[in-house]
$ cat coords.cif   # mmCIF, C-alpha atoms
data_target
#
loop_
_atom_site.label_atom_id
_atom_site.label_comp_id
_atom_site.auth_asym_id
_atom_site.auth_seq_id
_atom_site.Cartn_x
_atom_site.Cartn_y
_atom_site.Cartn_z
CA MET A 1441 -23.38 23.43 55.18
CA THR A 1442 -21.24 23.84 52.11
CA LEU A 1443 -17.57 24.44 52.53
CA ASN A 1444 -16.16 26.55 49.71
CA VAL A 1445 -12.42 26.34 49.60
CA ASN A 1446 -10.33 27.39 46.63
CA LEU A 1447 -7.56 24.85 46.46
CA THR A 1448 -6.28 25.86 43.02
CA GLN A 1449 -3.10 27.47 44.27
CA ASN A 1450 -2.33 25.05 47.09
CA THR A 1451 -3.01 21.49 46.02
CA PRO A 1452 -1.47 19.41 43.25
CA PRO A 1453 -4.00 17.98 40.80
CA THR A 1454 -5.65 14.65 41.50
CA GLU A 1455 -8.22 14.66 38.69
CA LYS A 1456 -7.37 12.71 35.55
CA PHE A 1457 -8.71 14.48 32.47
CA VAL A 1458 -9.95 12.17 29.78
CA LEU A 1459 -10.42 14.69 26.99
CA ASP A 1460 -7.15 16.47 26.52
CA ILE A 1461 -6.14 18.86 23.75
CA THR A 1462 -2.56 19.79 23.12
CA SER A 1463 -0.28 20.72 20.24
CA VAL A 1464 3.11 20.55 18.65
CA ALA A 1465 3.21 24.02 17.11
CA TRP A 1466 6.20 25.86 15.67
CA HIS A 1467 7.22 28.74 17.95
CA GLU A 1468 6.05 31.40 15.49
CA VAL A 1469 2.46 30.11 15.50
CA SER A 1470 2.19 28.66 18.99
CA PRO A 1471 0.73 31.88 20.51
CA LYS A 1472 -2.23 31.44 18.15
CA MET A 1473 -3.14 28.01 19.49
CA ARG A 1474 -6.40 28.09 21.48
CA ASN A 1475 -6.07 24.68 23.13
CA SER A 1476 -7.08 25.91 26.58
CA GLU A 1477 -10.38 27.33 25.35
CA LEU A 1478 -11.20 24.20 23.39
CA ARG A 1479 -10.29 22.04 26.37
CA LYS A 1480 -12.44 24.09 28.71
CA ALA A 1481 -15.41 23.82 26.36
CA LEU A 1482 -15.01 20.04 26.13
CA LYS A 1483 -15.14 19.72 29.90
CA ALA A 1484 -18.92 19.96 29.46
CA LEU A 1485 -18.81 16.49 27.90
CA ASN A 1486 -18.32 13.19 29.67
CA ILE A 1487 -16.58 10.49 27.70
CA VAL A 1488 -18.54 7.72 29.42
CA ASN A 1489 -21.60 8.87 27.45
CA TYR A 1490 -19.95 7.68 24.23
CA THR A 1491 -17.83 4.69 25.16
CA SER A 1492 -17.18 2.18 27.88
CA GLU A 1493 -13.89 1.09 26.32
CA ILE A 1494 -11.87 4.29 26.20
CA LYS A 1495 -10.68 6.07 29.31
CA GLU A 1496 -8.38 8.71 27.84
CA VAL A 1497 -8.56 10.72 24.62
CA TYR A 1498 -5.55 12.86 23.73
CA PHE A 1499 -5.83 15.19 20.78
CA THR A 1500 -2.66 16.77 19.37
CA PHE A 1501 -2.70 19.52 16.75
CA MET A 1502 0.44 19.49 14.63
CA VAL A 1503 1.40 22.84 13.08
CA LEU A 1504 4.88 22.73 11.61
CA PRO A 1505 6.51 24.37 8.58
CA ALA A 1506 7.14 22.03 5.65
CA ASP A 1507 10.89 21.96 6.25
CA VAL A 1508 10.53 20.67 9.81
CA GLU A 1509 10.58 16.92 9.26
CA THR A 1510 10.52 15.70 12.83
CA TRP A 1511 7.14 14.34 13.99
CA ARG A 1512 6.10 14.23 10.34
CA ASP A 1513 4.89 10.61 10.38
CA SER A 1514 2.71 10.99 13.47
CA LYS A 1515 -0.62 9.24 13.15
CA SER A 1516 -3.68 8.62 15.31
CA SER A 1517 -3.69 5.37 17.25
CA TYR A 1518 -5.61 3.38 19.80
CA SER A 1519 -4.18 1.30 22.61
CA PRO A 1520 -6.72 -1.29 23.85
CA GLN A 1521 -4.41 -2.20 26.76
CA LYS A 1522 -4.21 1.38 28.04
CA LYS A 1523 -7.73 2.18 26.78
CA LYS A 1524 -6.19 5.30 25.31
CA LEU A 1525 -6.96 7.06 22.06
CA SER A 1526 -4.22 9.33 20.72
CA LEU A 1527 -5.45 11.54 17.93
CA ILE A 1528 -3.12 13.49 15.66
CA ALA A 1529 -4.39 16.19 13.30
CA TRP A 1530 -2.29 18.34 10.99
CA LEU A 1531 -3.14 21.97 10.33
CA ASP A 1532 -1.85 23.71 7.23
CA TYR A 1533 1.06 25.77 8.54
CA LYS A 1534 0.86 28.62 6.00
CA LYS A 1535 -2.90 29.03 6.31
CA PHE A 1536 -2.70 28.90 10.10
CA ALA A 1537 0.15 31.41 10.21
CA GLN A 1538 -1.82 33.86 8.05
CA ALA A 1539 -5.15 33.30 9.83
CA SER A 1540 -6.69 35.86 12.15
CA ASP A 1541 -7.36 34.78 15.76
CA LYS A 1542 -11.00 34.07 14.87
CA GLU A 1543 -10.01 32.08 11.77
CA ALA A 1544 -7.37 30.17 13.76
CA ILE A 1545 -9.82 28.82 16.34
CA THR A 1546 -12.27 27.99 13.55
CA MET A 1547 -9.52 25.96 11.85
CA GLN A 1548 -8.81 24.13 15.11
CA ALA A 1549 -12.49 23.49 15.86
CA GLN A 1550 -13.28 22.29 12.33
CA THR A 1551 -10.22 20.03 12.30
CA TYR A 1552 -11.27 18.54 15.65
CA LEU A 1553 -14.70 17.74 14.23
CA ASP A 1554 -13.29 16.31 11.00
CA THR A 1555 -10.99 14.06 13.02
CA ILE A 1556 -13.91 12.60 15.00
CA LEU A 1557 -15.32 11.35 11.71
CA THR A 1558 -12.12 9.37 11.11
CA PHE A 1559 -12.58 7.30 14.30
CA PRO A 1560 -13.88 4.21 12.43
CA THR A 1561 -10.66 4.14 10.37
CA ILE A 1562 -8.35 4.04 13.39
CA ARG A 1563 -6.81 0.61 13.72
CA GLY A 1564 -8.31 -1.43 16.54
CA LEU A 1565 -10.93 1.15 17.40
CA LYS A 1566 -13.57 0.01 14.95
CA LYS A 1567 -14.00 -3.20 16.94
CA ASN A 1568 -14.73 -1.22 20.06
CA PRO A 1569 -17.96 0.60 20.72
CA PHE A 1570 -17.54 4.34 20.39
CA ASP A 1571 -20.56 6.39 19.44
CA HIS A 1572 -18.53 8.82 17.36
CA GLN A 1573 -21.58 10.26 15.62
CA LYS A 1574 -23.16 11.27 18.95
CA PHE A 1575 -19.79 12.63 20.09
CA TYR A 1576 -19.49 14.59 16.82
CA ASN A 1577 -22.96 16.12 17.25
CA ASP A 1578 -22.32 17.14 20.86
CA VAL A 1579 -18.91 18.64 20.08
CA LYS A 1580 -20.35 20.45 17.07
CA ALA A 1581 -23.14 21.93 19.22
CA LEU A 1582 -20.54 23.13 21.75
CA PHE A 1583 -18.37 24.73 19.08
CA GLU A 1584 -21.39 26.39 17.47
CA LYS A 1585 -22.46 27.74 20.86
CA ASN A 1586 -19.02 29.33 21.21
CA GLN A 1587 -19.28 30.64 17.63
CA TRP A 1588 -16.08 28.90 16.60
CA ILE A 1589 -17.81 27.29 13.64
CA PRO A 1590 -20.80 28.55 11.62
CA THR A 1591 -24.15 27.43 12.97
CA THR A 1592 -25.92 24.83 10.88
CA ILE A 1593 -29.67 25.29 10.53
CA SER A 1594 -31.35 21.90 10.48
CA SER A 1595 -34.62 21.54 8.60
CA MET B 1163 35.02 -5.25 49.71
CA LYS B 1164 38.23 -6.93 50.89
CA VAL B 1165 37.95 -10.55 52.00
CA SER B 1166 40.62 -12.03 54.20
CA GLN B 1167 41.99 -15.56 53.86
CA GLU B 1168 40.77 -16.33 57.39
CA GLU B 1169 37.21 -15.36 56.51
CA ILE B 1170 37.23 -17.69 53.54
CA LEU B 1171 38.76 -20.51 55.52
CA SER B 1172 36.31 -20.05 58.36
CA ASN B 1173 33.45 -20.17 55.83
CA LYS B 1174 32.23 -16.73 56.83
CA ILE B 1175 32.17 -15.96 53.15
CA LYS B 1176 30.24 -18.49 51.16
CA GLN B 1177 32.35 -20.06 48.49
CA PRO B 1178 30.79 -21.04 45.16
CA ASP B 1179 29.61 -24.64 45.07
CA LYS B 1180 29.92 -27.00 42.10
CA LYS B 1181 26.38 -26.24 40.94
CA SER B 1182 26.96 -22.50 40.76
CA LEU B 1183 30.31 -23.05 39.03
CA LYS B 1184 28.51 -25.17 36.44
CA SER B 1185 25.94 -22.45 35.78
CA THR B 1186 28.72 -19.84 35.56
CA ASN B 1187 30.47 -21.98 32.93
CA LEU B 1188 27.19 -22.27 31.02
CA SER B 1189 26.72 -18.48 31.09
CA ILE B 1190 30.27 -17.96 29.79
CA SER B 1191 29.57 -20.43 26.96
CA ILE B 1192 26.37 -18.59 25.98
CA VAL B 1193 28.13 -15.23 26.01
CA GLY B 1194 30.94 -16.73 23.90
CA LEU B 1195 28.45 -18.11 21.39
CA LEU B 1196 26.67 -14.75 21.13
CA LEU B 1197 30.02 -13.04 20.64
CA CYS B 1198 30.86 -15.46 17.80
CA LEU B 1199 27.49 -14.72 16.16
CA PHE B 1200 28.11 -10.99 16.54
CA VAL B 1201 31.55 -11.27 14.92
CA TYR B 1202 30.00 -13.27 12.09
CA ALA B 1203 27.32 -10.58 11.64
CA VAL B 1204 29.86 -7.76 11.40
CA LEU B 1205 29.94 -6.22 7.95
CA LYS B 1206 32.64 -7.50 5.68
CA TYR B 1207 34.54 -5.40 3.16
CA GLU B 1208 33.05 -7.29 0.22
CA ASP B 1209 29.51 -6.69 1.55
CA VAL B 1210 29.85 -2.94 1.17
CA VAL B 1211 32.07 -2.43 -1.88
CA ASP B 1212 31.76 -3.17 -5.60
CA GLU B 1213 34.88 -3.57 -7.68
CA GLN B 1214 34.63 -2.00 -11.14
CA PRO B 1215 36.08 -3.67 -14.30
CA ASP B 1216 38.81 -0.99 -14.39
CA GLY B 1217 39.90 -1.93 -10.87
CA THR B 1218 38.40 1.03 -9.04
CA VAL B 1219 36.19 0.37 -6.02
CA ILE B 1220 32.92 2.08 -5.19
CA LEU B 1221 30.34 1.74 -2.42
CA LYS B 1222 27.46 -0.61 -3.17
CA PRO B 1223 24.27 1.34 -4.03
CA GLU B 1224 22.40 0.06 -0.96
CA ARG B 1225 25.31 1.17 1.24
CA GLU B 1226 25.32 4.58 -0.42
CA ALA B 1227 21.55 4.85 0.20
CA LYS B 1228 21.98 3.87 3.85
CA LEU B 1229 24.67 6.55 4.23
CA LYS B 1230 22.37 9.22 2.79
CA GLU B 1231 19.51 8.05 4.99
CA GLY B 1232 21.74 8.16 8.08
CA ILE B 1233 22.96 11.69 7.29
CA LYS B 1234 19.44 12.87 6.47
CA LYS B 1235 18.18 11.62 9.81
CA ILE B 1236 20.64 13.67 11.82
CA GLU B 1237 20.19 16.71 9.56
CA LYS B 1238 16.49 16.99 10.32
CA CYS B 1239 16.26 17.39 14.06
CA THR B 1240 14.25 19.78 16.21
CA GLN B 1241 14.85 21.38 19.56
CA TYR B 1242 11.62 22.05 21.43
CA ALA B 1243 10.22 23.24 24.74
CA LEU B 1244 7.32 21.69 26.62
CA VAL B 1245 5.37 24.57 28.13
CA ALA B 1246 2.31 24.86 30.35
CA THR B 1247 -0.89 25.61 28.44
CA GLU B 1248 -2.72 26.54 31.63
CA ASP B 1249 -1.83 27.74 35.11
CA GLY B 1250 -1.57 24.69 37.34
CA TRP B 1251 0.45 22.04 39.09
CA PHE B 1252 3.00 19.96 37.20
CA PRO B 1253 5.32 17.09 38.24
CA CYS B 1254 8.66 18.43 39.41
CA TYR B 1255 11.74 16.24 39.09
CA THR B 1256 14.20 18.98 39.97
CA CYS B 1257 12.54 20.60 42.98
CA THR B 1258 14.78 20.73 46.03
CA ASN B 1259 12.17 22.13 48.40
CA GLY B 1260 10.80 18.68 49.21
CA LYS B 1261 7.80 19.01 46.90
CA ASN B 1262 7.02 16.76 43.95
CA PHE B 1263 4.87 19.32 42.15
CA ILE B 1264 5.48 22.85 40.97
CA PHE B 1265 2.95 25.54 40.09
CA LEU B 1266 3.55 26.84 36.56
CA SER B 1267 1.78 29.75 34.94
CA ARG B 1268 0.61 29.48 31.35
CA GLY B 1269 3.56 29.67 28.94
CA GLU B 1270 6.21 28.72 31.51
CA ILE B 1271 8.76 26.08 30.64
CA TRP B 1272 8.41 22.55 31.98
CA LYS B 1273 11.12 20.94 29.89
CA TYR B 1274 13.54 21.42 27.02
CA GLY B 1275 14.32 18.58 24.63
CA TYR B 1276 15.30 17.65 21.12
CA THR B 1277 14.28 14.90 18.74
CA CYS B 1278 15.27 13.57 15.33
CA GLU B 1279 12.31 11.19 15.18
CA LYS B 1280 9.85 11.60 12.34
CA ASP B 1281 7.26 9.52 14.10
CA ILE B 1282 6.07 10.74 17.48
CA LYS B 1283 4.85 7.21 18.24
CA LYS B 1284 8.45 6.03 18.35
CA ASP B 1285 9.48 9.11 20.27
CA ARG B 1286 9.20 9.17 24.02
CA TYR B 1287 5.91 11.04 24.23
CA LYS B 1288 3.78 8.56 22.30
CA GLY B 1289 1.15 11.06 21.30
CA ASP B 1290 0.57 12.54 24.72
CA PHE B 1291 2.98 14.41 26.92
CA PRO B 1292 4.33 13.33 30.32
CA ALA B 1293 1.85 15.58 32.11
CA GLN B 1294 -1.51 17.16 31.33
CA ASN B 1295 -1.76 20.70 29.98
CA LEU B 1296 1.57 20.74 28.20
CA GLU B 1297 2.30 21.58 24.58
CA ALA B 1298 5.44 21.20 22.51
CA ILE B 1299 6.85 24.32 20.93
CA PRO B 1300 9.58 23.46 18.43
CA GLN B 1301 12.07 26.34 18.69
CA PHE B 1302 14.94 25.40 16.42
CA LYS B 1303 15.56 23.05 13.52
CA GLY B 1304 18.89 21.80 12.25
CA PHE B 1305 21.55 19.14 12.59
CA LEU B 1306 21.49 16.89 15.64
CA GLN B 1307 24.57 18.62 17.06
CA GLU B 1308 23.06 22.10 16.62
CA CYS B 1309 19.82 21.01 18.29
CA LYS B 1310 21.75 19.42 21.15
CA VAL B 1311 23.72 22.67 21.61
CA GLU B 1312 20.46 24.68 21.65
CA GLU B 1313 18.95 22.30 24.19
CA LEU B 1314 22.03 22.50 26.44
CA ARG B 1315 22.16 26.29 26.17
CA LYS B 1316 18.53 26.53 27.24
CA ILE B 1317 18.73 23.99 30.08
CA PHE B 1318 21.85 25.60 31.53
CA ASN B 1319 20.47 29.15 31.23
CA TYR B 1320 17.11 28.23 32.77
CA PRO B 1321 18.11 29.24 36.35
CA ILE B 1322 18.56 32.88 35.30
CA LEU B 1323 15.30 33.13 33.34
CA PRO B 1324 12.86 35.68 34.83
CA GLU B 1325 10.21 32.97 35.31
CA ASN B 1326 12.59 31.12 37.67
CA GLN B 1327 14.03 34.24 39.30
CA LYS B 1328 10.60 35.49 40.35
CA ARG B 1329 10.13 32.40 42.59
CA LYS B 1330 11.00 32.38 46.26
CA LEU B 1331 14.66 31.51 46.77
CA GLU B 1332 13.87 28.03 48.13
CA ASP B 1333 11.57 27.29 45.17
CA ARG B 1334 14.03 28.27 42.44
CA LEU B 1335 15.20 25.46 40.19
CA ALA B 1336 18.63 24.63 38.78
CA ARG B 1337 17.03 23.00 35.73
CA PRO B 1338 13.48 23.02 34.32
CA ALA B 1339 11.05 20.91 36.34
CA GLY B 1340 10.92 18.17 33.66
CA ASN B 1341 14.66 17.99 32.92
CA ASN B 1342 16.05 15.37 35.30
CA TYR B 1343 19.50 15.69 33.83
CA ASP B 1344 21.75 18.30 32.20
CA THR B 1345 21.72 16.40 28.93
#
$ encode --input "coords.cif" --output "structure tokens"
Amino acid sequence: MTLNVNLTQNTPPTEKFVLDITSVAWHEVSPKMRNSELRKALKALNIVNYTSEIKEVYFTFMVLPADVETWRDSKSSYSPQKKKLSLIAWLDYKKFAQASDKEAITMQAQTYLDTILTFPTIRGLKKNPFDHQKFYNDVKALFEKNQWIPTTISS
Amino acid sequence: MKVSQEEILSNKIKQPDKKSLKSTNLSISIVGLLLCLFVYAVLKYEDVVDEQPDGTVILKPEREAKLKEGIKKIEKCTQYALVATEDGWFPCYTCTNGKNFIFLSRGEIWKYGYTCEKDIKKDRYKGDFPAQNLEAIPQFKGFLQECKVEELRKIFNYPILPENQKRKLEDRLARPAGNNYDT
């Protein structure tokens, strides 16, 4: 017998997400951020398929006008002690502000993919096994399925 | 706590022995030494000023640069809100209903803050926020004092925001769930 109970409204969370997407986005562009949709799509992936070293991956999109200098030096980093990868990716503020909703999520999705390719350059991470190419391919397939990026036809 | 003479005489209150007096003296000596080093490290007039041939005095270039850097740092601050990106449960530091979590709908405020840090790594969030499903929305940029005023205004006005007012009376908050303190 299966017991179906919807606990969403009654129970605090106990699950620890390992693939999180968030942002630091200026108030005028923050409604355009599609972090929730990206995060939901990534729930289809399990980080243990790519690494045994990393437990948590946090991805932060930074979308700030040029004259906002705070957070400007933020960079991706890896903490071997906490087994935590903190990724920072900057989106062009003007382009993002002028983008349509469809173009905005494409910018986010493409930037996410481009950032995966920078994994080997993150200090400390290159010594640890992370199959970033497999991760890239799986994320790309997910984004293509959602039509956030153009589909590539492989020969 | 008041201690009577009788209590001391009757040994009810333990008096310091020679050993502990010795260690206290040692601590005082260390503190004194550190204080001397601190006084020595304090900037001297001649460290910060150059005297010109005509007798006028000007700040040394490195001091001038440090001044500009210091002013620039407090000129470029940001007041921000941490808001829920999804409906769900979030840690609640200000709940008075006996619960440690609060249910926030997407877009509702978890915390107000301000920062002058250019590098988020040195800032308190270290790349990820204190709870899942939060995002930072910078709302105001300006001098440190202006950002602090904005932050205070928002924290203090939070109780009358519609998102707080719509809660049951016992679930309403005096400050956002993530703001432990007024400032």
$ interface_residues --input "coords.cif" --of "chain B" --to "chain A" --cutoff "9 Å" --atoms "all atoms listed in the file" --output "PyMOL selection string"
chain B and resi 1238-1240+1242+1247-1248+1250-1253+1262-1265+1277-1283+1285+1288-1291+1294-1304
$ resolve_selection --input "coords.cif" --expression "the PyMOL selection byres ((chain A and resi 1571) around 12)" --output "ChimeraX atom specification"
/A:1487-1494,1556-1557,1559-1560,1565-1570,1572-1578
$ atom_distance --input "coords.cif" --atom1 "atom CA of A:Lys1580" --atom2 "atom CA of A:Thr1558"
15.0 Å
$ atom_distance --input "coords.cif" --atom1 "atom CA of A:Ala1549" --atom2 "atom CA of A:Tyr1533"
15.6 Å
$ closest_residue --input "coords.cif" --among "A:Ala1506, A:Lys1472, A:Leu1482, A:Glu1496" --to "A:Asn1586" --atoms "all atoms listed in the file"
A:Leu1482
$ atom_distance --input "coords.cif" --atom1 "atom CA of A:Lys1495" --atom2 "atom CA of B:Ala1293"
16.0 Å
$ residues_around --input "coords.cif" --residues "B:Arg1225" --least-positions-apart "6" --cutoff "9 Å" --atoms "only C-alpha atoms" --output "ChimeraX atom specification"
/B:1209-1211
$ residues_around --input "coords.cif" --residues "B:Glu1313" --least-positions-apart "5" --cutoff "9 Å" --atoms "only C-alpha atoms" --output "count of residues only"
9
$ residues_near_point --input "coords.cif" --point "(-7.2, 21.7, 11.9)" --cutoff "7 Å" --atoms "only C-alpha atoms" --output "PyMOL selection string"
chain A and resi 1501+1529-1531+1547-1552
$ resolve_selection --input "coords.cif" --expression "the PyMOL selection byres ((chain A and resi 1587) around 12)" --output "ChimeraX atom specification"
/A:1478,1481,1542-1543,1545-1546,1549-1550,1580-1586,1588-1592
$ write_last_selection --input "coords.cif" --atoms "C-alpha atoms" --output "PDB file, in the frame of the given file"
ATOM      1  CA  LEU A1478     -11.200  24.200  23.390  1.00  0.00           C
ATOM      2  CA  ALA A1481     -15.410  23.820  26.360  1.00  0.00           C
ATOM      3  CA  LYS A1542     -11.000  34.070  14.870  1.00  0.00           C
ATOM      4  CA  GLU A1543     -10.010  32.080  11.770  1.00  0.00           C
ATOM      5  CA  ILE A1545      -9.820  28.820  16.340  1.00  0.00           C
ATOM      6  CA  THR A1546     -12.270  27.990  13.550  1.00  0.00           C
ATOM      7  CA  ALA A1549     -12.490  23.490  15.860  1.00  0.00           C
ATOM      8  CA  GLN A1550     -13.280  22.290  12.330  1.00  0.00           C
ATOM      9  CA  LYS A1580     -20.350  20.450  17.070  1.00  0.00           C
ATOM     10  CA  ALA A1581     -23.140  21.930  19.220  1.00  0.00           C
ATOM     11  CA  LEU A1582     -20.540  23.130  21.750  1.00  0.00           C
ATOM     12  CA  PHE A1583     -18.370  24.730  19.080  1.00  0.00           C
ATOM     13  CA  GLU A1584     -21.390  26.390  17.470  1.00  0.00           C
ATOM     14  CA  LYS A1585     -22.460  27.740  20.860  1.00  0.00           C
ATOM     15  CA  ASN A1586     -19.020  29.330  21.210  1.00  0.00           C
ATOM     16  CA  TRP A1588     -16.080  28.900  16.600  1.00  0.00           C
ATOM     17  CA  ILE A1589     -17.810  27.290  13.640  1.00  0.00           C
ATOM     18  CA  PRO A1590     -20.800  28.550  11.620  1.00  0.00           C
ATOM     19  CA  THR A1591     -24.150  27.430  12.970  1.00  0.00           C
ATOM     20  CA  THR A1592     -25.920  24.830  10.880  1.00  0.00           C
TER      21      THR A1592
END
